[in-house]
file structure_38.txt (compact mmCIF, C-alpha atoms)
# COMPACT_ATOMS: atom_id res chain seq x y z
CA MET E 833 124.10 125.85 150.32
CA LYS E 834 122.76 122.34 150.79
CA ILE E 835 119.42 121.56 149.12
CA GLY E 836 117.44 118.45 150.04
CA VAL E 837 115.60 116.62 147.24
CA LEU E 838 113.46 113.49 146.99
CA SER E 839 113.64 112.89 143.26
CA LYS E 840 116.30 112.81 140.56
CA ASN E 841 113.92 111.81 137.78
CA TYR E 842 113.45 113.61 134.48
CA ALA E 843 110.95 116.12 135.86
CA ALA E 844 113.31 117.10 138.69
CA GLN E 845 116.18 117.45 136.22
CA ARG E 846 114.08 119.68 133.97
CA LEU E 847 112.77 121.89 136.76
CA PHE E 848 115.30 122.34 139.55
CA LEU E 849 118.00 119.71 140.02
CA ASN E 850 121.52 121.19 139.78
CA LYS E 851 120.10 124.55 138.72
CA VAL E 852 121.61 126.58 141.62
CA LYS E 853 125.29 127.15 140.94
CA GLY E 854 127.57 125.97 143.73
CA ALA E 855 124.78 124.25 145.67
CA GLU E 856 125.04 120.70 146.98
CA TYR E 857 121.98 118.51 146.40
CA LYS E 858 121.30 115.89 149.06
CA ASP E 859 119.09 112.85 148.36
CA LEU E 860 116.58 112.50 151.22
CA ARG E 861 114.54 109.60 149.86
CA PHE E 862 115.69 107.18 152.54
CA ASN E 863 115.23 109.78 155.28
CA ASN E 864 111.47 109.83 154.72
CA CYS E 865 109.37 108.03 157.32
CA HIS E 866 106.46 107.86 154.84
CA LEU E 867 108.63 105.77 152.52
CA TRP E 868 109.43 103.26 155.27
CA ARG E 869 105.80 103.18 156.40
CA ASN E 870 104.79 102.09 152.89
CA ALA E 871 107.88 100.02 152.00
CA HIS E 872 105.72 96.91 151.58
CA LEU E 873 104.14 98.56 148.51
CA PHE E 874 107.53 98.64 146.77
CA ILE E 875 107.89 94.91 147.39
CA LEU E 876 104.42 94.16 146.06
CA ARG E 877 105.03 96.32 143.00
CA ALA E 878 108.33 94.54 142.29
CA MET E 879 106.51 91.19 142.52
CA GLY E 880 103.75 92.39 140.19
CA LYS E 881 101.16 91.90 142.94
CA LEU E 882 100.35 95.50 143.80
CA ASN E 883 96.57 95.83 143.53
CA MET E 884 96.62 99.60 143.03
CA SER E 885 96.46 101.94 140.08
CA PRO E 886 99.70 103.85 139.32
CA GLU E 887 98.05 106.98 140.75
CA GLU E 888 97.08 105.27 144.00
CA ALA E 889 100.58 103.85 144.44
CA ALA E 890 102.23 107.20 143.73
CA ALA E 891 99.98 108.96 146.24
CA LYS E 892 100.99 106.48 148.95
CA LEU E 893 104.70 106.41 148.13
CA PHE E 894 105.82 109.80 146.92
CA TYR E 895 103.63 112.73 147.97
CA ASP E 896 104.39 113.13 151.69
CA TYR E 897 107.62 113.74 153.57
CA LYS E 898 108.58 113.72 157.22
CA SER E 899 112.23 113.27 158.16
CA VAL E 900 113.49 110.36 160.22
CA PHE E 901 116.72 112.19 161.16
CA PRO E 902 117.78 115.86 160.86
CA THR E 903 118.59 116.60 157.22
CA GLY E 904 121.40 119.13 157.65
CA CYS E 905 119.94 121.00 154.67
CA ASP E 906 119.45 124.74 154.33
CA VAL E 907 116.32 124.29 152.23
CA LEU E 908 114.28 121.46 150.72
CA HIS E 909 113.01 121.46 147.13
CA PHE E 910 110.34 118.86 146.40
CA PHE E 911 108.20 117.97 143.39
CA ASN E 912 104.48 117.47 144.21
CA THR E 913 105.48 116.38 147.73
CA VAL E 914 104.28 118.05 150.93
CA ASN E 915 106.78 118.46 153.77
CA HIS E 916 105.15 117.83 157.14
CA ASP E 917 108.20 118.88 159.20
CA LYS E 918 107.87 122.28 160.88
CA ARG E 919 111.42 123.63 160.87
CA THR E 920 113.46 123.36 157.67
CA PRO E 921 112.51 125.93 154.99
CA TRP E 922 111.14 124.31 151.85
CA VAL E 923 109.63 124.95 148.43
CA VAL E 924 107.62 122.69 146.15
CA SER E 925 107.36 122.53 142.35
CA VAL E 926 103.71 121.88 141.46
CA GLU E 927 102.75 119.74 138.47
CA SER E 928 98.95 120.08 138.72
CA ALA E 929 98.11 120.93 142.32
CA VAL E 930 99.21 120.08 145.84
CA PRO E 931 98.38 118.07 147.78
CA TRP E 932 97.90 115.31 145.23
CA PRO E 933 96.02 112.37 146.77
CA LEU E 934 93.68 110.35 144.59
CA SER E 935 90.71 112.47 145.68
CA VAL E 936 92.34 115.60 144.21
CA THR E 937 93.54 113.74 141.11
CA ARG E 938 90.04 112.53 140.30
CA CYS E 939 88.60 115.98 140.88
CA VAL E 940 91.13 117.78 138.64
CA GLU E 941 90.78 115.25 135.82
CA SER E 942 86.97 115.19 135.85
CA ALA E 943 84.97 116.94 133.14
CA GLU E 944 83.59 119.46 135.64
CA PRO E 945 85.95 119.75 138.65
CA CYS E 946 84.21 120.51 141.93
CA PHE E 947 86.73 121.12 144.70
CA SER E 948 84.01 121.60 147.30
CA THR E 949 83.88 117.80 147.59
CA LEU E 950 87.30 117.99 149.30
CA ARG E 951 86.12 120.11 152.20
CA GLY E 952 85.81 117.17 154.59
CA ASP E 953 89.02 115.45 153.46
CA LYS E 954 91.27 115.24 156.55
CA TYR E 955 94.33 114.34 154.48
CA VAL E 956 93.89 117.44 152.30
CA MET E 957 93.37 119.65 155.37
CA ALA E 958 96.55 118.36 157.05
CA ALA E 959 98.57 118.92 153.87
CA LEU E 960 97.20 122.45 153.41
CA ASP E 961 98.10 123.22 157.00
CA ALA E 962 101.71 122.23 156.21
CA LEU E 963 101.67 124.42 153.09
CA ALA E 964 100.39 127.40 155.10
CA ARG E 965 103.20 127.24 157.68
CA ASP E 966 105.94 129.87 157.62
CA ASN E 967 108.66 127.35 156.73
CA CYS E 968 106.92 126.68 153.39
CA LEU E 969 108.43 129.49 151.32
CA ALA E 970 106.89 128.96 147.88
CA LEU E 971 104.66 126.84 145.67
CA MET E 972 105.98 126.93 142.10
CA PRO E 973 103.44 125.68 139.51
CA LEU E 974 105.16 124.68 136.26
CA SER E 975 102.50 126.42 134.15
CA HIS E 976 99.83 129.11 134.43
CA CYS E 977 97.30 126.32 133.97
CA SER E 978 98.63 124.54 137.08
CA CYS E 979 98.64 127.82 138.99
CA ASN E 980 94.96 128.36 138.16
CA ILE E 981 94.09 124.80 139.26
CA GLN E 982 95.89 125.41 142.56
CA LYS E 983 93.99 128.68 143.09
CA GLU E 984 90.65 127.00 142.42
CA LEU E 985 91.44 124.33 145.01
CA LEU E 986 92.47 126.94 147.58
CA LYS E 987 89.22 128.90 147.15
CA GLU E 988 87.46 126.08 149.00
CA PHE E 989 89.72 126.51 152.04
CA PRO E 990 89.53 130.19 153.04
CA GLU E 991 91.03 129.49 156.46
CA CYS E 992 94.43 128.86 154.85
CA GLY E 993 93.92 129.49 151.13
CA GLU E 994 94.90 133.16 151.17
CA ALA E 995 98.14 132.51 153.04
CA ILE E 996 99.09 129.77 150.57
CA SER E 997 98.04 131.77 147.50
CA ARG E 998 100.55 134.49 148.40
CA LYS E 999 103.31 131.90 147.98
CA LEU E 1000 102.38 130.95 144.39
CA VAL E 1001 105.08 131.70 141.83
CA THR E 1002 104.59 130.28 138.32
CA LEU E 1003 107.93 129.01 137.04
CA LEU E 1004 107.90 127.43 133.58
CA PRO E 1005 110.50 124.74 132.84
CA PRO E 1006 113.76 126.22 131.51
CA GLN E 1007 114.87 125.17 128.03
CA GLU E 1008 118.16 126.02 126.33
CA PRO E 1009 118.12 126.46 122.52
CA GLN E 1010 119.74 123.54 120.72
CA VAL E 1011 120.14 125.13 117.27
CA SER E 1012 120.40 128.74 116.14
CA SER E 1013 119.15 128.28 112.56
CA ILE E 1014 117.50 125.84 110.14
CA GLU E 1015 120.88 125.48 108.45
CA GLU E 1016 122.32 124.17 111.71
CA LYS E 1017 119.68 121.40 111.72
CA GLY E 1018 121.21 120.03 108.53
CA ILE E 1019 117.91 119.41 106.72
CA SER E 1020 116.44 121.43 103.89
CA TYR E 1021 112.74 120.45 103.78
CA SER E 1022 113.20 119.78 100.08
CA GLY E 1023 111.65 116.95 98.08
CA ASP E 1024 115.04 115.25 97.87
CA GLU E 1025 114.93 114.23 101.52
CA LEU E 1026 113.02 111.38 103.10
CA PHE E 1027 110.47 113.17 105.27
CA THR E 1028 110.97 112.24 108.92
CA PHE E 1029 108.40 112.37 111.71
CA VAL E 1030 109.42 111.95 115.35
CA TYR E 1031 107.35 110.94 118.38
CA VAL E 1032 108.72 110.96 121.95
CA GLY E 1033 106.53 109.82 124.84
CA ARG E 1034 107.04 107.22 127.57
CA ASN E 1035 103.32 106.80 128.30
CA TYR E 1036 102.44 105.50 124.84
CA PHE E 1037 98.67 105.29 125.11
CA ARG E 1038 97.97 108.44 127.14
CA LYS E 1039 100.33 110.55 125.03
CA GLY E 1040 98.85 109.45 121.69
CA GLY E 1041 101.60 107.09 120.54
CA ARG E 1042 99.15 104.43 119.45
CA ASP E 1043 97.14 107.02 117.50
CA THR E 1044 100.32 108.30 115.84
CA VAL E 1045 101.43 104.87 114.62
CA GLU E 1046 97.97 103.76 113.49
CA VAL E 1047 97.37 106.93 111.43
CA LEU E 1048 100.85 106.95 109.89
CA THR E 1049 100.54 103.25 109.04
CA ARG E 1050 97.52 104.07 106.88
CA LEU E 1051 99.22 107.10 105.32
CA HIS E 1052 102.38 105.15 104.52
CA LYS E 1053 100.41 103.10 101.98
CA LYS E 1054 100.27 106.26 99.83
CA TYR E 1055 103.29 108.33 100.90
CA ASP E 1056 106.96 107.67 101.61
CA PHE E 1057 108.33 108.83 104.98
CA LYS E 1058 109.85 107.46 108.18
CA LEU E 1059 108.96 107.71 111.84
CA VAL E 1060 111.46 107.86 114.68
CA LEU E 1061 109.55 106.47 117.67
CA VAL E 1062 110.97 106.77 121.20
CA SER E 1063 108.69 105.21 123.80
CA ALA E 1064 108.79 102.66 126.60
CA LEU E 1065 105.25 101.68 125.49
CA ALA E 1066 104.27 102.22 129.09
CA LYS E 1067 100.66 101.94 130.19
CA ASP E 1068 99.02 104.62 132.29
CA GLU E 1069 95.46 104.80 133.58
CA ALA E 1070 92.95 102.15 132.55
CA LYS E 1071 90.83 104.74 130.71
CA TYR E 1072 93.49 104.90 127.98
CA GLU E 1073 93.34 101.15 127.39
CA ARG E 1074 91.22 99.44 124.73
CA THR E 1075 91.94 95.77 125.44
CA ASP E 1076 93.93 93.62 127.86
CA HIS E 1077 96.62 93.15 125.19
CA ASP E 1078 97.31 96.76 124.15
CA ILE E 1079 101.08 96.50 124.54
CA GLU E 1080 101.30 93.27 122.55
CA ASP E 1081 99.22 94.85 119.76
CA ALA E 1082 101.44 97.95 119.77
CA ARG E 1083 104.65 95.92 119.56
CA ARG E 1084 103.22 93.83 116.73
CA LEU E 1085 102.21 96.87 114.67
CA ILE E 1086 105.62 98.50 115.15
CA ALA E 1087 107.42 95.27 114.18
CA LEU E 1088 105.27 94.85 111.05
CA ASN E 1089 106.32 98.32 109.93
CA SER E 1090 109.95 98.22 110.96
CA ASP E 1091 111.03 99.11 107.41
CA TRP E 1092 109.94 102.71 108.05
CA ILE E 1093 109.61 102.91 111.87
CA GLU E 1094 112.89 103.44 113.70
CA TYR E 1095 111.95 102.34 117.22
CA TYR E 1096 113.74 102.89 120.54
CA ALA E 1097 112.36 101.86 123.93
CA GLU E 1098 114.52 104.56 125.51
CA LEU E 1099 117.43 106.86 124.68
CA PRO E 1100 119.60 109.26 126.69
CA ASN E 1101 118.26 112.80 126.51
CA SER E 1102 121.25 113.92 124.45
CA ALA E 1103 120.44 111.25 121.85
CA VAL E 1104 116.76 112.25 121.83
CA LEU E 1105 117.75 115.84 121.11
CA GLU E 1106 119.84 114.68 118.15
CA LYS E 1107 116.84 112.75 116.77
CA LEU E 1108 114.65 115.84 117.19
CA LYS E 1109 117.14 118.00 115.32
CA LYS E 1110 117.10 115.67 112.30
CA ALA E 1111 113.31 115.39 112.11
CA HIS E 1112 111.09 117.49 109.87
CA VAL E 1113 108.02 117.39 112.14
CA ALA E 1114 107.33 116.13 115.68
CA LEU E 1115 103.99 114.61 116.71
CA LEU E 1116 102.36 114.55 120.14
CA PRO E 1117 98.57 113.99 119.89
CA THR E 1118 98.40 113.54 123.66
CA TRP E 1119 95.10 112.88 125.41
CA MET E 1120 96.41 114.26 128.72
CA ASP E 1121 99.61 116.05 129.67
CA THR E 1122 100.49 118.32 132.56
CA PHE E 1123 103.17 120.04 130.49
CA ALA E 1124 104.80 117.97 127.68
CA TYR E 1125 108.49 118.83 128.06
CA SER E 1126 109.23 117.19 124.69
CA VAL E 1127 107.37 120.03 122.93
CA LEU E 1128 109.82 122.55 124.41
CA GLU E 1129 112.72 120.35 123.32
CA CYS E 1130 111.36 120.06 119.78
CA LYS E 1131 111.06 123.81 119.48
CA ALA E 1132 114.56 124.26 120.91
CA CYS E 1133 115.74 121.96 118.11
CA GLY E 1134 113.93 124.01 115.47
CA THR E 1135 111.44 121.20 114.81
CA PRO E 1136 107.75 122.09 114.23
CA VAL E 1137 105.29 120.24 116.45
CA ILE E 1138 101.77 119.00 115.75
CA SER E 1139 100.02 118.41 119.07
CA THR E 1140 96.70 118.53 120.78
CA SER E 1141 95.95 121.79 122.61
CA LEU E 1142 95.24 121.24 126.28
CA ARG E 1143 96.54 122.17 129.72
CA ALA E 1144 99.98 123.84 129.49
CA LEU E 1145 100.23 123.10 125.76
CA THR E 1146 97.96 126.10 125.20
CA GLU E 1147 100.76 128.20 126.72
CA VAL E 1148 103.68 126.83 124.71
CA ASN E 1149 101.82 126.54 121.38
CA PRO E 1150 101.47 129.91 119.60
CA GLY E 1151 97.92 131.23 119.54
CA ALA E 1152 97.88 131.56 115.77
CA ALA E 1153 98.51 127.84 115.44
CA ASP E 1154 95.80 126.78 117.89
CA ARG E 1155 93.03 125.03 115.97
CA ARG E 1156 90.57 123.50 118.41
CA ALA E 1157 87.59 121.43 117.42
CA SER E 1158 84.37 123.42 117.65

call {"tool": "encode", "arguments": {"input": "structure_38.txt", "output": "structure tokens"}}
result
Amino acid sequence: MKIGVLSKNYAAQRLFLNKVKGAEYKDLRFNNCHLWRNAHLFILRAMGKLNMSPEEAAAKLFYDYKSVFPTGCDVLHFFNTVNHDKRTPWVVSVESAVPWPLSVTRCVESAEPCFSTLRGDKYVMAALDALARDNCLALMPLSHCSCNIQKELLKEFPECGEAISRKLVTLLPPQEPQVSSIEEKGISYSGDELFTFVYVGRNYFRKGGRDTVEVLTRLHKKYDFKLVLVSALAKDEAKYERTDHDIEDARRLIALNSDWIEYYAELPNSAVLEKLKKAHVALLPTWMDTFAYSVLECKACGTPVISTSLRALTEVNPGAADRRAS
């Protein structure tokens, strides 16, 4: 079997890439006419002159597919991307909802989502038409939360919503156990050990990295511990920014506390897992996350996690541990 894909990033690796034994995965990124139509955006982004938010750029570059040449694939498996071809069978893994233009993004992330505002959106209608076709075999939300968001969107489009809803199959990200016991972790949680926290999150400000370091910096004046920090210190949406020099401030604070902060801009996943195994507690006080794969990895490593409780995190955090602010 030959499976066509558009992404080999971390999300694709976690969800579906190389998961079907014996299958060949074919990269179709350069066979996408939507990519060539918007190629100038890649150039502007590389030059630092792209006057678009990350969400706007992603919507233009990555969420639509139409082949330039025949793919030769038996099936296509995309992530958040809608296939507008009418022949090749395809499935899509859904992070929040599809389609995912900026109009849907803003609606989903608002305090009180109102999908009725999308009724006149021609882009959304065209994408839903593609999702309703017979060659679209399944929509696979990566959490029950995402599935519910997708259903709420589809309620506003009864002409195709029922046909698409029948294709919804919630498929949580797979995660193999990394340790079988606390003894295998090699730490005892005794007072003889230096207590180690770990934080893993590329989008430093959205995922609560700044909050983690600022709070632990204050606590370190009274207690002895270390923090393993793995983050590209990447910015996300403007709403998570405080100043126009957030990254510089973050780097300065980390450098000033380098005697107890072990910092990595990035690590291979295998190395991250080793860091998780040797930590006593993981922290992820994220402000917004569609899933938070690192929480699954922490648990697979036998490492307790302190996180916020939102979106899919309410599904992976045990109910007895859920303490929400009233």

call {"tool": "residues_around", "arguments": {"input": "structure_38.txt", "residues": "range 1141-1146 of chain E", "least_positions_apart": "2", "cutoff": "12 Å", "atoms": "all atoms listed in the file", "output": "ChimeraX atom specification"}}
result
/E:927-928,940-941,973-981,1002,1004-1005,1039,1116-1128,1137-1139,1148-1157

call {"tool": "closest_residue", "arguments": {"input": "structure_38.txt", "among": "E:Ala1111, E:Leu969, E:Leu950, E:Ala962", "to": "Lys987 in chain E", "atoms": "all atoms listed in the file"}}
result
E:Leu950

call {"tool": "residues_around", "arguments": {"input": "structure_38.txt", "residues": "Glu1094 in chain E", "least_positions_apart": "5", "cutoff": "10 Å", "atoms": "all atoms listed in the file", "output": "list in words"}}
result
Val1030, Lys1058, Leu1059, Val1060, Leu1061, Val1062, Ile1086, Ala1087 and Asn1089 of chain E

call {"tool": "atom_distance", "arguments": {"input": "structure_38.txt", "atom1": "CA of Ser1013 in chain E", "atom2": "CA of Thr1140 in chain E"}}
result
25.8 Å

call {"tool": "atom_distance", "arguments": {"input": "structure_38.txt", "atom1": "CA of Ala871 in chain E", "atom2": "CA of Glu887 in chain E"}}
result
16.5 Å

call {"tool": "residues_around", "arguments": {"input": "structure_38.txt", "residues": "Gln1007 in chain E", "least_positions_apart": "4", "cutoff": "10 Å", "atoms": "all atoms listed in the file", "output": "ChimeraX atom specification"}}
result
/E:846-847,1125,1128-1129,1131-1132

call {"tool": "closest_residue", "arguments": {"input": "structure_38.txt", "among": "E:Glu994, E:Glu944, E:Asp1081, E:Glu856", "to": "Gly904 in chain E", "atoms": "only C-alpha atoms"}}
result
E:Glu856

call {"tool": "residues_near_point", "arguments": {"input": "structure_38.txt", "point": "(100.2, 112.7, 112.9)", "cutoff": "10 Å", "atoms": "only C-alpha atoms", "output": "list in words"}}
result
Phe1029, Val1030, Tyr1031, Gly1040, Gly1041, Asp1043, Thr1044, Val1045, Glu1046, Val1047, Leu1048, Leu1051, Val1113, Ala1114, Leu1115, Leu1116, Pro1117, Val1137, Ile1138 and Ser1139 of chain E

call {"tool": "write_last_selection", "arguments": {"input": "structure_38.txt", "atoms": "C-alpha atoms", "output": "PDB file, keeping the file's coordinate frame"}}
result
ATOM      1  CA  PHE E1029     108.400 112.370 111.710  1.00  0.00           C
ATOM      2  CA  VAL E1030     109.420 111.950 115.350  1.00  0.00           C
ATOM      3  CA  TYR E1031     107.350 110.940 118.380  1.00  0.00           C
ATOM      4  CA  GLY E1040      98.850 109.450 121.690  1.00  0.00           C
ATOM      5  CA  GLY E1041     101.600 107.090 120.540  1.00  0.00           C
ATOM      6  CA  ASP E1043      97.140 107.020 117.500  1.00  0.00           C
ATOM      7  CA  THR E1044     100.320 108.300 115.840  1.00  0.00           C
ATOM      8  CA  VAL E1045     101.430 104.870 114.620  1.00  0.00           C
ATOM      9  CA  GLU E1046      97.970 103.760 113.490  1.00  0.00           C
ATOM     10  CA  VAL E1047      97.370 106.930 111.430  1.00  0.00           C
ATOM     11  CA  LEU E1048     100.850 106.950 109.890  1.00  0.00           C
ATOM     12  CA  LEU E1051      99.220 107.100 105.320  1.00  0.00           C
ATOM     13  CA  VAL E1113     108.020 117.390 112.140  1.00  0.00           C
ATOM     14  CA  ALA E1114     107.330 116.130 115.680  1.00  0.00           C
ATOM     15  CA  LEU E1115     103.990 114.610 116.710  1.00  0.00           C
ATOM     16  CA  LEU E1116     102.360 114.550 120.140  1.00  0.00           C
ATOM     17  CA  PRO E1117      98.570 113.990 119.890  1.00  0.00           C
ATOM     18  CA  VAL E1137     105.290 120.240 116.450  1.00  0.00           C
ATOM     19  CA  ILE E1138     101.770 119.000 115.750  1.00  0.00           C
ATOM     20  CA  SER E1139     100.020 118.410 119.070  1.00  0.00           C
TER      21      SER E1139
END

call {"tool": "closest_residue", "arguments": {"input": "structure_38.txt", "among": "E:Ala843, E:Lys898, E:Asp906, E:Gly880", "to": "Trp868 in chain E", "atoms": "only C-alpha atoms"}}
result
E:Lys898

call {"tool": "closest_residue", "arguments": {"input": "structure_38.txt", "among": "E:Val1001, E:Phe1057, E:Arg1042, E:Thr937", "to": "Glu1025 in chain E", "atoms": "all atoms listed in the file"}}
result
E:Phe1057

call {"tool": "residues_near_point", "arguments": {"input": "structure_38.txt", "point": "(110.8, 101.9, 127.4)", "cutoff": "7 Å", "atoms": "only C-alpha atoms", "output": "list in words"}}
result
Arg1034, Ser1063, Ala1064, Leu1065, Ala1066, Ala1097 and Glu1098 of chain E

call {"tool": "closest_residue", "arguments": {"input": "structure_38.txt", "among": "E:Leu867, E:Gly1134, E:Asp1056, E:Leu960", "to": "Asp1024 in chain E", "atoms": "all atoms listed in the file"}}
result
E:Asp1056

call {"tool": "closest_residue", "arguments": {"input": "structure_38.txt", "among": "E:Gln1010, E:Thr1049, E:Gln982, E:Ser839", "to": "Ser997 in chain E", "atoms": "all atoms listed in the file"}}
result
E:Gln982

call {"tool": "atom_distance", "arguments": {"input": "structure_38.txt", "atom1": "CA of Arg869 in chain E", "atom2": "CA of Ala844 in chain E"}}
result
23.7 Å

call {"tool": "decode", "arguments": {"input": "structure_38.txt", "residues": "range 1077-1157 of chain E", "atoms": "C-alpha atoms", "output": "PDB file, in the first residue's frame"}}
result
ATOM      1  CA  HIS E1077      11.202  41.990  23.824  1.00  0.00           C
ATOM      2  CA  ASP E1078       9.708  38.854  25.407  1.00  0.00           C
ATOM      3  CA  ILE E1079      12.300  36.486  23.956  1.00  0.00           C
ATOM      4  CA  GLU E1080      15.229  38.646  25.055  1.00  0.00           C
ATOM      5  CA  ASP E1081      13.766  38.825  28.575  1.00  0.00           C
ATOM      6  CA  ALA E1082      13.270  35.046  28.649  1.00  0.00           C
ATOM      7  CA  ARG E1083      16.836  34.342  27.526  1.00  0.00           C
ATOM      8  CA  ARG E1084      18.203  36.770  30.106  1.00  0.00           C
ATOM      9  CA  LEU E1085      16.268  35.179  32.978  1.00  0.00           C
ATOM     10  CA  ILE E1086      17.366  31.678  31.960  1.00  0.00           C
ATOM     11  CA  ALA E1087      21.008  32.789  31.673  1.00  0.00           C
ATOM     12  CA  LEU E1088      20.913  34.480  35.092  1.00  0.00           C
ATOM     13  CA  ASN E1089      19.773  31.197  36.624  1.00  0.00           C
ATOM     14  CA  SER E1090      21.944  28.820  34.646  1.00  0.00           C
ATOM     15  CA  ASP E1091      23.344  27.344  37.878  1.00  0.00           C
ATOM     16  CA  TRP E1092      20.051  25.469  38.366  1.00  0.00           C
ATOM     17  CA  ILE E1093      18.370  25.644  34.921  1.00  0.00           C
ATOM     18  CA  GLU E1094      19.618  23.070  32.429  1.00  0.00           C
ATOM     19  CA  TYR E1095      18.463  24.614  29.149  1.00  0.00           C
ATOM     20  CA  TYR E1096      18.167  23.076  25.672  1.00  0.00           C
ATOM     21  CA  ALA E1097      16.710  24.857  22.645  1.00  0.00           C
ATOM     22  CA  GLU E1098      15.892  21.451  21.167  1.00  0.00           C
ATOM     23  CA  LEU E1099      16.665  17.766  21.663  1.00  0.00           C
ATOM     24  CA  PRO E1100      15.891  14.585  19.711  1.00  0.00           C
ATOM     25  CA  ASN E1101      12.762  12.908  21.025  1.00  0.00           C
ATOM     26  CA  SER E1102      14.787   9.992  22.382  1.00  0.00           C
ATOM     27  CA  ALA E1103      16.865  12.432  24.455  1.00  0.00           C
ATOM     28  CA  VAL E1104      13.726  14.209  25.692  1.00  0.00           C
ATOM     29  CA  LEU E1105      12.333  10.888  26.894  1.00  0.00           C
ATOM     30  CA  GLU E1106      15.533  10.235  28.845  1.00  0.00           C
ATOM     31  CA  LYS E1107      15.216  13.651  30.525  1.00  0.00           C
ATOM     32  CA  LEU E1108      11.592  12.892  31.408  1.00  0.00           C
ATOM     33  CA  LYS E1109      12.539   9.567  32.961  1.00  0.00           C
ATOM     34  CA  LYS E1110      15.066  11.221  35.284  1.00  0.00           C
ATOM     35  CA  ALA E1111      12.740  14.009  36.426  1.00  0.00           C
ATOM     36  CA  HIS E1112      10.659  13.923  39.590  1.00  0.00           C
ATOM     37  CA  VAL E1113       7.845  16.156  38.280  1.00  0.00           C
ATOM     38  CA  ALA E1114       6.952  17.637  34.875  1.00  0.00           C
ATOM     39  CA  LEU E1115       5.310  21.045  34.484  1.00  0.00           C
ATOM     40  CA  LEU E1116       3.046  22.294  31.698  1.00  0.00           C
ATOM     41  CA  PRO E1117       0.923  25.280  32.837  1.00  0.00           C
ATOM     42  CA  THR E1118      -0.220  25.820  29.255  1.00  0.00           C
ATOM     43  CA  TRP E1119      -2.642  28.603  28.360  1.00  0.00           C
ATOM     44  CA  MET E1120      -3.797  26.791  25.215  1.00  0.00           C
ATOM     45  CA  ASP E1121      -3.106  23.322  23.845  1.00  0.00           C
ATOM     46  CA  THR E1122      -4.986  21.133  21.400  1.00  0.00           C
ATOM     47  CA  PHE E1123      -3.552  18.000  22.989  1.00  0.00           C
ATOM     48  CA  ALA E1124      -0.134  18.331  24.724  1.00  0.00           C
ATOM     49  CA  TYR E1125       1.687  15.198  23.552  1.00  0.00           C
ATOM     50  CA  SER E1126       4.423  15.796  26.145  1.00  0.00           C
ATOM     51  CA  VAL E1127       1.940  14.941  28.925  1.00  0.00           C
ATOM     52  CA  LEU E1128       1.465  11.472  27.431  1.00  0.00           C
ATOM     53  CA  GLU E1129       5.234  11.072  27.173  1.00  0.00           C
ATOM     54  CA  CYS E1130       5.731  12.123  30.799  1.00  0.00           C
ATOM     55  CA  LYS E1131       3.209   9.573  31.982  1.00  0.00           C
ATOM     56  CA  ALA E1132       4.792   6.896  29.793  1.00  0.00           C
ATOM     57  CA  CYS E1133       8.062   7.705  31.587  1.00  0.00           C
ATOM     58  CA  GLY E1134       6.421   7.373  35.004  1.00  0.00           C
ATOM     59  CA  THR E1135       6.776  11.098  35.682  1.00  0.00           C
ATOM     60  CA  PRO E1136       3.899  12.949  37.428  1.00  0.00           C
ATOM     61  CA  VAL E1137       2.647  16.045  35.610  1.00  0.00           C
ATOM     62  CA  ILE E1138       1.302  19.332  36.950  1.00  0.00           C
ATOM     63  CA  SER E1139      -0.659  21.039  34.180  1.00  0.00           C
ATOM     64  CA  THR E1140      -3.595  23.259  33.509  1.00  0.00           C
ATOM     65  CA  SER E1141      -6.846  21.439  32.711  1.00  0.00           C
ATOM     66  CA  LEU E1142      -8.250  22.415  29.345  1.00  0.00           C
ATOM     67  CA  ARG E1143      -9.166  20.939  25.974  1.00  0.00           C
ATOM     68  CA  ALA E1144      -7.831  17.369  25.627  1.00  0.00           C
ATOM     69  CA  LEU E1145      -5.883  17.645  28.886  1.00  0.00           C
ATOM     70  CA  THR E1146      -9.161  16.977  30.689  1.00  0.00           C
ATOM     71  CA  GLU E1147      -9.148  13.573  28.962  1.00  0.00           C
ATOM     72  CA  VAL E1148      -5.582  12.532  29.755  1.00  0.00           C
ATOM     73  CA  ASN E1149      -5.493  13.923  33.319  1.00  0.00           C
ATOM     74  CA  PRO E1150      -7.286  11.650  35.824  1.00  0.00           C
ATOM     75  CA  GLY E1151     -10.534  13.109  37.130  1.00  0.00           C
ATOM     76  CA  ALA E1152      -9.462  12.796  40.753  1.00  0.00           C
ATOM     77  CA  ALA E1153      -6.513  15.078  40.072  1.00  0.00           C
ATOM     78  CA  ASP E1154      -8.532  17.763  38.274  1.00  0.00           C
ATOM     79  CA  ARG E1155      -8.611  20.883  40.444  1.00  0.00           C
ATOM     80  CA  ARG E1156     -10.142  23.746  38.488  1.00  0.00           C
ATOM     81  CA  ALA E1157     -10.482  27.263  39.775  1.00  0.00           C
TER      82      ALA E1157
END
